[in-house]
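Engineer: I am sharing query-v7.cif, which consists of mmCIF, C-alpha atoms:
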```cif
data_query
#
loop_
_atom_site.group_PDB
_atom_site.id
_atom_site.type_symbol
_atom_site.label_atom_id
_atom_site.label_comp_id
_atom_site.auth_asym_id
_atom_site.auth_seq_id
_atom_site.Cartn_x
_atom_site.Cartn_y
_atom_site.Cartn_z
ATOM 1 C CA MET A 1 103.573 26.932 131.044
ATOM 2 C CA SER A 2 104.527 30.628 131.280
ATOM 3 C CA LYS A 3 102.313 33.090 133.092
ATOM 4 C CA PRO A 4 100.176 35.447 131.011
ATOM 5 C CA LEU A 5 101.772 38.907 130.910
ATOM 6 C CA VAL A 6 99.793 42.117 131.379
ATOM 7 C CA LEU A 7 101.379 45.393 130.236
ATOM 8 C CA ILE A 8 100.182 48.530 132.066
ATOM 9 C CA VAL A 9 100.710 51.848 130.254
ATOM 10 C CA ASP A 10 99.668 54.763 132.486
ATOM 11 C CA ASP A 11 101.465 57.909 133.658
ATOM 12 C CA ASP A 12 100.051 57.512 137.183
ATOM 13 C CA ALA A 13 102.837 55.617 138.952
ATOM 14 C CA GLU A 14 100.767 55.116 142.097
ATOM 15 C CA LEU A 15 97.896 53.591 140.119
ATOM 16 C CA ASN A 16 100.347 51.386 138.210
ATOM 17 C CA ALA A 17 101.745 50.001 141.451
ATOM 18 C CA MET A 18 98.277 49.320 142.853
ATOM 19 C CA VAL A 19 97.048 47.585 139.706
ATOM 20 C CA ALA A 20 100.285 45.614 139.345
ATOM 21 C CA GLU A 21 99.969 44.280 142.895
ATOM 22 C CA LEU A 22 96.350 43.357 142.212
ATOM 23 C CA LEU A 23 97.219 41.412 139.053
ATOM 24 C CA LEU A 24 100.268 39.746 140.579
ATOM 25 C CA ARG A 25 97.999 38.298 143.268
ATOM 26 C CA GLU A 26 96.055 36.602 140.478
ATOM 27 C CA GLY A 27 99.198 34.784 139.365
ATOM 28 C CA TRP A 28 99.819 36.882 136.243
ATOM 29 C CA ALA A 29 103.096 38.535 135.250
ATOM 30 C CA VAL A 30 103.020 42.350 135.052
ATOM 31 C CA HIS A 31 105.159 45.018 133.408
ATOM 32 C CA THR A 32 104.442 48.727 133.956
ATOM 33 C CA VAL A 33 105.515 51.812 132.005
ATOM 34 C CA LEU A 34 104.602 55.515 132.215
ATOM 35 C CA THR A 35 104.671 56.608 128.560
ATOM 36 C CA ALA A 36 103.503 55.452 125.143
ATOM 37 C CA GLY A 37 107.106 55.338 123.933
ATOM 38 C CA ASP A 38 108.113 52.961 126.693
ATOM 39 C CA GLY A 39 104.927 51.017 126.001
ATOM 40 C CA GLU A 40 105.927 50.552 122.352
ATOM 41 C CA ARG A 41 109.303 49.177 123.406
ATOM 42 C CA ALA A 42 107.737 46.914 126.035
ATOM 43 C CA LEU A 43 105.219 45.604 123.515
ATOM 44 C CA GLU A 44 108.057 44.470 121.266
ATOM 45 C CA ALA A 45 110.314 43.160 124.032
ATOM 46 C CA TRP A 46 107.801 41.458 126.337
ATOM 47 C CA GLN A 47 105.031 40.324 123.924
ATOM 48 C CA PRO A 48 102.181 40.711 126.464
ATOM 49 C CA GLU A 49 98.833 38.959 126.152
ATOM 50 C CA VAL A 50 96.889 41.965 127.500
ATOM 51 C CA ALA A 51 97.618 45.700 127.634
ATOM 52 C CA LEU A 52 95.922 48.153 129.994
ATOM 53 C CA LEU A 53 96.251 51.427 128.087
ATOM 54 C CA ASP A 54 95.494 54.898 129.458
ATOM 55 C CA VAL A 55 93.778 57.304 127.072
ATOM 56 C CA MET A 56 95.631 60.416 128.306
ATOM 57 C CA LEU A 57 99.385 59.775 128.083
ATOM 58 C CA PRO A 58 102.059 62.497 128.302
ATOM 59 C CA ASP A 59 103.602 61.707 124.919
ATOM 60 C CA ALA A 60 100.682 60.345 122.863
ATOM 61 C CA ASN A 61 96.934 59.948 122.535
ATOM 62 C CA GLY A 62 95.902 56.537 123.841
ATOM 63 C CA PHE A 63 93.358 56.106 121.044
ATOM 64 C CA ASP A 64 96.107 56.553 118.436
ATOM 65 C CA VAL A 65 98.297 54.065 120.303
ATOM 66 C CA CYS A 66 95.417 51.576 120.450
ATOM 67 C CA ARG A 67 94.815 51.830 116.718
ATOM 68 C CA ARG A 68 98.506 51.270 115.966
ATOM 69 C CA TRP A 69 98.873 48.364 118.368
ATOM 70 C CA ARG A 70 95.797 46.665 116.987
ATOM 71 C CA GLY A 71 97.437 46.701 113.554
ATOM 72 C CA LEU A 72 100.753 45.430 114.939
ATOM 73 C CA ARG A 73 99.321 42.763 117.262
ATOM 74 C CA PRO A 74 95.862 41.584 116.171
ATOM 75 C CA ALA A 75 95.643 39.022 118.988
ATOM 76 C CA LEU A 76 96.587 41.473 121.778
ATOM 77 C CA GLY A 77 93.862 42.083 124.340
ATOM 78 C CA ILE A 78 93.502 45.851 124.881
ATOM 79 C CA VAL A 79 91.619 47.503 127.743
ATOM 80 C CA MET A 80 91.384 51.298 127.575
ATOM 81 C CA LEU A 81 91.578 53.108 130.925
ATOM 82 C CA THR A 82 90.322 56.673 131.190
ATOM 83 C CA ALA A 83 89.208 59.285 133.680
ATOM 84 C CA ARG A 84 86.617 60.390 131.130
ATOM 85 C CA GLY A 85 83.351 58.481 131.255
ATOM 86 C CA ASP A 86 81.910 59.969 128.062
ATOM 87 C CA PRO A 87 79.962 57.209 126.229
ATOM 88 C CA MET A 88 81.303 58.510 122.908
ATOM 89 C CA ASP A 89 84.872 57.895 124.129
ATOM 90 C CA ARG A 90 83.830 54.344 124.936
ATOM 91 C CA VAL A 91 82.348 53.852 121.482
ATOM 92 C CA LEU A 92 85.428 55.368 119.817
ATOM 93 C CA GLY A 93 87.759 53.119 121.792
ATOM 94 C CA LEU A 94 85.857 50.002 120.807
ATOM 95 C CA GLU A 95 85.572 51.036 117.168
ATOM 96 C CA ILE A 96 89.314 51.620 116.733
ATOM 97 C CA GLY A 97 90.277 48.254 118.166
ATOM 98 C CA ALA A 98 90.001 48.152 121.969
ATOM 99 C CA ASP A 99 88.503 44.966 123.421
ATOM 100 C CA ASP A 100 87.224 46.671 126.546
ATOM 101 C CA TYR A 101 86.944 50.082 128.188
ATOM 102 C CA LEU A 102 87.034 50.957 131.884
ATOM 103 C CA ALA A 103 86.475 54.403 133.413
ATOM 104 C CA LYS A 104 88.472 55.531 136.455
ATOM 105 C CA PRO A 105 87.999 55.141 139.328
ATOM 106 C CA PHE A 106 87.191 51.473 138.768
ATOM 107 C CA GLU A 107 86.355 48.622 141.087
ATOM 108 C CA PRO A 108 89.481 46.407 141.394
ATOM 109 C CA ARG A 109 87.442 43.212 141.134
ATOM 110 C CA GLU A 110 85.895 44.459 137.898
ATOM 111 C CA LEU A 111 89.314 45.123 136.371
ATOM 112 C CA VAL A 112 90.459 41.619 137.316
ATOM 113 C CA ALA A 113 87.280 40.162 135.806
ATOM 114 C CA ARG A 114 87.833 42.080 132.545
ATOM 115 C CA VAL A 115 91.443 40.883 132.247
ATOM 116 C CA ARG A 116 90.454 37.317 133.092
ATOM 117 C CA ALA A 117 87.703 37.399 130.442
ATOM 118 C CA LEU A 118 90.190 38.599 127.815
ATOM 119 C CA LEU A 119 92.696 35.888 128.680
ATOM 120 C CA ARG A 120 89.925 33.284 128.582
ATOM 121 C CA ARG A 121 88.727 34.519 125.199
ATOM 122 C CA GLN A 122 92.271 34.382 123.815
ATOM 123 C CA ALA A 123 92.784 30.764 124.888
ATOM 124 C CA PRO A 124 90.423 29.223 122.284
ATOM 125 C CA GLY A 125 92.093 31.271 119.569
ATOM 126 C CA ARG A 126 95.484 29.808 120.514
ATOM 127 C CA ALA A 127 94.255 26.259 120.889
ATOM 128 C CA ASP A 128 91.735 25.991 118.080
ATOM 129 C CA ALA A 129 92.232 26.278 114.346
ATOM 130 C CA SER A 130 93.360 29.712 113.260
ATOM 131 C CA GLN A 131 90.472 30.043 110.794
ATOM 132 C CA LEU A 132 86.722 29.617 110.601
ATOM 133 C CA ARG A 133 85.879 28.486 107.073
ATOM 134 C CA PHE A 134 82.468 28.287 105.414
ATOM 135 C CA ASP A 135 81.167 28.239 101.862
ATOM 136 C CA GLY A 136 82.352 31.594 100.511
ATOM 137 C CA LEU A 137 83.478 32.992 103.864
ATOM 138 C CA THR A 138 86.808 32.744 105.711
ATOM 139 C CA ILE A 139 87.556 34.338 109.090
ATOM 140 C CA ASN A 140 91.237 34.460 110.066
ATOM 141 C CA LEU A 141 91.221 34.528 113.874
ATOM 142 C CA LEU A 142 94.917 35.365 114.209
ATOM 143 C CA GLN A 143 95.015 38.256 111.748
ATOM 144 C CA ARG A 144 91.405 39.381 112.346
ATOM 145 C CA GLU A 145 90.809 39.314 108.600
ATOM 146 C CA VAL A 146 87.599 38.348 106.801
ATOM 147 C CA LEU A 147 87.256 37.167 103.203
ATOM 148 C CA ALA A 148 83.795 37.049 101.634
ATOM 149 C CA GLY A 149 84.025 35.380 98.252
ATOM 150 C CA ALA A 150 87.493 36.457 97.129
ATOM 151 C CA GLN A 151 87.255 39.957 98.596
ATOM 152 C CA ALA A 152 88.630 41.201 101.912
ATOM 153 C CA VAL A 153 85.979 42.849 104.068
ATOM 154 C CA ALA A 154 86.979 45.877 106.154
ATOM 155 C CA LEU A 155 85.136 45.494 109.458
ATOM 156 C CA THR A 156 85.260 47.555 112.618
ATOM 157 C CA THR A 157 86.283 45.746 115.793
ATOM 158 C CA VAL A 158 82.656 45.595 116.906
ATOM 159 C CA GLU A 159 81.474 44.165 113.573
ATOM 160 C CA TYR A 160 84.296 41.604 113.572
ATOM 161 C CA LYS A 161 83.474 40.421 117.095
ATOM 162 C CA LEU A 162 79.794 40.082 116.205
ATOM 163 C CA LEU A 163 80.656 37.984 113.147
ATOM 164 C CA VAL A 164 83.021 35.710 115.102
ATOM 165 C CA ALA A 165 80.474 35.210 117.889
ATOM 166 C CA LEU A 166 77.813 34.208 115.363
ATOM 167 C CA ALA A 167 80.135 32.057 113.218
ATOM 168 C CA ARG A 168 81.343 30.097 116.252
ATOM 169 C CA ALA A 169 77.764 28.957 116.879
ATOM 170 C CA PRO A 170 76.326 28.183 113.411
ATOM 171 C CA GLY A 171 72.623 27.403 113.514
ATOM 172 C CA ALA A 172 72.190 28.688 117.078
ATOM 173 C CA ALA A 173 70.136 31.812 117.700
ATOM 174 C CA LEU A 174 72.140 34.297 119.772
ATOM 175 C CA SER A 175 70.297 36.919 121.782
ATOM 176 C CA ARG A 176 71.201 40.595 121.617
ATOM 177 C CA ALA A 177 72.398 40.349 125.225
ATOM 178 C CA ARG A 178 74.792 37.540 124.337
ATOM 179 C CA LEU A 179 76.067 39.437 121.313
ATOM 180 C CA SER A 180 76.580 42.508 123.508
ATOM 181 C CA GLU A 181 78.677 40.361 125.847
ATOM 182 C CA ALA A 182 80.745 39.177 122.881
ATOM 183 C CA VAL A 183 81.448 42.781 121.939
ATOM 184 C CA GLN A 184 82.399 43.832 125.455
ATOM 185 C CA ALA A 185 82.318 41.881 128.692
ATOM 186 C CA GLY A 186 81.499 43.793 131.845
ATOM 187 C CA SER A 187 78.935 46.202 133.190
ATOM 188 C CA TYR A 188 78.562 48.310 130.042
ATOM 189 C CA LYS A 189 76.000 46.875 127.657
ATOM 190 C CA PRO A 190 75.015 48.466 124.332
ATOM 191 C CA LEU A 191 71.316 49.048 123.770
ATOM 192 C CA ASP A 192 69.457 46.414 121.725
ATOM 193 C CA ARG A 193 69.020 48.877 118.866
ATOM 194 C CA THR A 194 72.792 49.490 118.848
ATOM 195 C CA VAL A 195 73.373 45.768 118.286
ATOM 196 C CA ASP A 196 70.760 45.829 115.512
ATOM 197 C CA VAL A 197 72.533 48.735 113.802
ATOM 198 C CA GLN A 198 75.914 46.999 114.006
ATOM 199 C CA VAL A 199 74.524 43.713 112.653
ATOM 200 C CA ALA A 200 72.845 45.619 109.800
ATOM 201 C CA ARG A 201 76.176 47.228 108.904
ATOM 202 C CA LEU A 202 77.922 43.866 109.076
ATOM 203 C CA ARG A 203 75.336 42.297 106.766
ATOM 204 C CA ARG A 204 75.641 45.160 104.293
ATOM 205 C CA LYS A 205 79.434 44.899 104.113
ATOM 206 C CA LEU A 206 79.308 41.131 103.601
ATOM 207 C CA ALA A 207 76.642 41.508 100.910
ATOM 208 C CA GLU A 208 78.669 44.168 99.087
ATOM 209 C CA ALA A 209 81.739 41.916 99.121
ATOM 210 C CA ALA A 210 79.908 38.757 98.016
ATOM 211 C CA PRO A 211 76.534 39.480 96.358
ATOM 212 C CA GLY A 212 74.178 36.517 96.508
ATOM 213 C CA LEU A 213 75.733 35.009 99.627
ATOM 214 C CA GLU A 214 74.086 35.498 103.005
ATOM 215 C CA TRP A 215 75.136 34.182 106.388
ATOM 216 C CA ILE A 216 73.146 36.037 109.051
ATOM 217 C CA ASP A 217 69.397 35.689 109.627
ATOM 218 C CA THR A 218 67.141 37.500 112.068
ATOM 219 C CA VAL A 219 65.285 35.289 114.549
ATOM 220 C CA ARG A 220 62.213 37.241 115.533
ATOM 221 C CA GLY A 221 61.930 37.693 119.278
ATOM 222 C CA GLU A 222 65.345 36.097 119.905
ATOM 223 C CA GLY A 223 68.219 37.724 118.037
ATOM 224 C CA TYR A 224 70.381 36.526 115.163
ATOM 225 C CA VAL A 225 71.671 33.235 113.778
ATOM 226 C CA PHE A 226 74.602 32.354 111.514
ATOM 227 C CA VAL A 227 73.381 30.094 108.688
ATOM 228 C CA PRO A 228 75.974 29.338 105.973
ATOM 229 C CA ARG A 229 74.361 28.957 102.569
ATOM 230 C CA GLY A 230 75.361 29.147 98.924
ATOM 231 C CA HIS A 231 73.962 31.083 95.996
#
```
Turn this file's structure into structure tokens for me.
Structural biologist:
Amino acid sequence: MSKPLVLIVDDDAELNAMVAELLLREGWAVHTVLTAGDGERALEAWQPEVALLDVMLPDANGFDVCRRWRGLRPALGIVMLTARGDPMDRVLGLEIGADDYLAKPFEPRELVARVRALLRRQAPGRADASQLRFDGLTINLLQREVLAGAQAVALTTVEYKLLVALARAPGAALSRARLSEAVQAGSYKPLDRTVDVQVARLRRKLAEAAPGLEWIDTVRGEGYVFVPRGH
């Protein structure tokens, strides 16, 4: 079985070398580049499982690159790296398709844990069925597409991850903390009310696409539960 490949896209050559050595010690393959252009070519040539993507690149905005790569490679794990710790940057990164977000300087063990979590989360998607199907709802895990009724539902990355986490445990109440972990593993945790707002948006989009069908219930004092039901 081939080693998982991590692509590092950062214009700091010294940081690239340090991170590459760290990841190689974990038994993963690593490829490093200094620009977005080289990253695009490496993405096509090497087909990595995870990309560590700097926000501030000399030839492109990392957020724009993230958005494009998410469209090209829905299953790619993307961790944004940035020297800016602004919470709004973190939110923007997650909304446009990043799986995780890490501010520099970061603790090496935390970076390894984030990459490991992404690789672990990808494994079920490769081994299991490519779709989650319910009455009136289909979730394509490879393409990250959702059909409610016969209509495609445009979800943000956060909303999609919340739906998948709930749909993978039908009938089980998931706490806000667990849903936060599904959105982003690591030390950053959204506030409970942020999870509530995202779930409310998810419910509204599903209801607009398929009126009369509901899949998500609130469990008072616990969180939310996915309960497939018909009209």
Engineer: For each of A:Pro170, A:Ala152, A:Leu163, A:Val227, take the minimum atom-to-atom distance to A:Arg203, counting all atoms listed in the file, then give the residue where this is smallest.
Structural biologist: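 Checking each of A:Pro170, A:Ala152, A:Leu163, A:Val227 against A:Arg203, counting all atoms listed in the file, the winner is A:Leu163.
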Engineer: Would you mind telling me which residue in A:Ala150, A:Leu76, A:Ala45, A:Leu52 lies nearest to A:Leu111 when using all atoms listed in the file?
Structural biologist: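 Going through A:Ala150, A:Leu76, A:Ala45, A:Leu52 one by one, the smallest distance to A:Leu111 is for A:Leu52.
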Engineer: What's the separation between atom CA of A:Leu53 and atom CA of A:Gly77, in Å to one decimal place?
Structural biologist: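 Interatomic distance here is 10.3 Å.
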Engineer: Compare A:His31, A:Arg41, A:Arg193, A:Arg73 by their minimum atom-to-atom distance to A:Leu142, counting only C-alpha atoms, and give me the closest one.
Structural biologist: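 Comparing A:His31, A:Arg41, A:Arg193, A:Arg73 against A:Leu142, the winner is A:Arg73.
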Engineer: Step by step, work through what the PyMOL selection byres ((chain A and resi 65) around 10) selects in the shown file, and finish by giving those residues as a PyMOL selection string.
Structural biologist: chain A and resi 36-37+39-40+53-55+57+60-64+66-70+96
Engineer: Quick one, how far is atom CA of A:Leu174 from atom CA of A:Thr218?
Structural biologist: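 Spanning atom CA of A:Leu174 to atom CA of A:Thr218 is a straight-line distance of 9.7 Å.
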Engineer: Could you pull the residues within 9 Å of A:Val219, counting all atoms listed in the file, minus those fewer than 3 positions along the same chain, as a ChimeraX atom specification?
Structural biologist: /A:173-175,222-225
Engineer: Between atom CA of A:Asp11 and atom CA of A:Thr156, what is the distance in Å, rounded to a tenth?
Structural biologist: 28.5 Å
Engineer: Go through A:Leu202, A:Met80, A:Leu15, A:Ala103 and flag the residue nearest A:Val115, using all atoms listed in the file for the distances.
Structural biologist: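 Once distances to A:Val115 are computed over all atoms listed in the file, the minimum belongs to A:Met80.
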Engineer: Looking at A:Pro108, A:Gly212, A:Pro4, A:Gly71, which one is nearest to A:Glu49, with distances taken over only C-alpha atoms?
Structural biologist: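 Of all the options, A:Pro4 lies closest to A:Glu49.
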Engineer: Please write as a PyMOL selection string the list of polymer residues whose atoms come within 9 Å of (85.8, 49.9, 134.6), counting all atoms listed in the file and keeping to the coordinates of the file.
Structural biologist: chain A and resi 81-82+100-108+110-111+114+186-188
Engineer: On this file, the PyMOL selection byres ((chain A and resi 149) around 8) gives some set of residues; write that set as an MDAnalysis selection string.
Structural biologist: chainID A and resid 136:137 147:148 150:151 209:210
Engineer: Please write the residues picked by the PyMOL selection byres ((chain A and resi 200) around 12) on this file as an mmCIF file with C-alpha atoms, in the frame of the given file.
Structural biologist:
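Resulting contents of result.cif:
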```cif
data_model
loop_
_atom_site.group_PDB
_atom_site.id
_atom_site.type_symbol
_atom_site.label_atom_id
_atom_site.label_comp_id
_atom_site.auth_asym_id
_atom_site.auth_seq_id
_atom_site.Cartn_x
_atom_site.Cartn_y
_atom_site.Cartn_z
ATOM 1 C CA GLU A 159 81.474 44.165 113.573
ATOM 2 C CA LEU A 162 79.794 40.082 116.205
ATOM 3 C CA LEU A 163 80.656 37.984 113.147
ATOM 4 C CA ARG A 193 69.020 48.877 118.866
ATOM 5 C CA THR A 194 72.792 49.490 118.848
ATOM 6 C CA VAL A 195 73.373 45.768 118.286
ATOM 7 C CA ASP A 196 70.760 45.829 115.512
ATOM 8 C CA VAL A 197 72.533 48.735 113.802
ATOM 9 C CA GLN A 198 75.914 46.999 114.006
ATOM 10 C CA VAL A 199 74.524 43.713 112.653
ATOM 11 C CA ARG A 201 76.176 47.228 108.904
ATOM 12 C CA LEU A 202 77.922 43.866 109.076
ATOM 13 C CA ARG A 203 75.336 42.297 106.766
ATOM 14 C CA ARG A 204 75.641 45.160 104.293
ATOM 15 C CA LYS A 205 79.434 44.899 104.113
ATOM 16 C CA LEU A 206 79.308 41.131 103.601
ATOM 17 C CA ALA A 207 76.642 41.508 100.910
ATOM 18 C CA ILE A 216 73.146 36.037 109.051
ATOM 19 C CA ASP A 217 69.397 35.689 109.627
ATOM 20 C CA THR A 218 67.141 37.500 112.068
ATOM 21 C CA TYR A 224 70.381 36.526 115.163
#
```
Engineer: Please identify all polymer residues within 9 Å of A:Glu145, counting all atoms listed in the file, omitting same-chain residues fewer than 4 positions from it, and present them as an MDAnalysis selection string.
Structural biologist: chainID A and resid 138:141 152:155 160
Engineer: Have a look at A:Val112, A:Leu132, A:Met56, A:Val79 and name the one nearest to A:Ala20; count only C-alpha atoms.
Structural biologist: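 So, comparing all the options, the nearest one is A:Val112.
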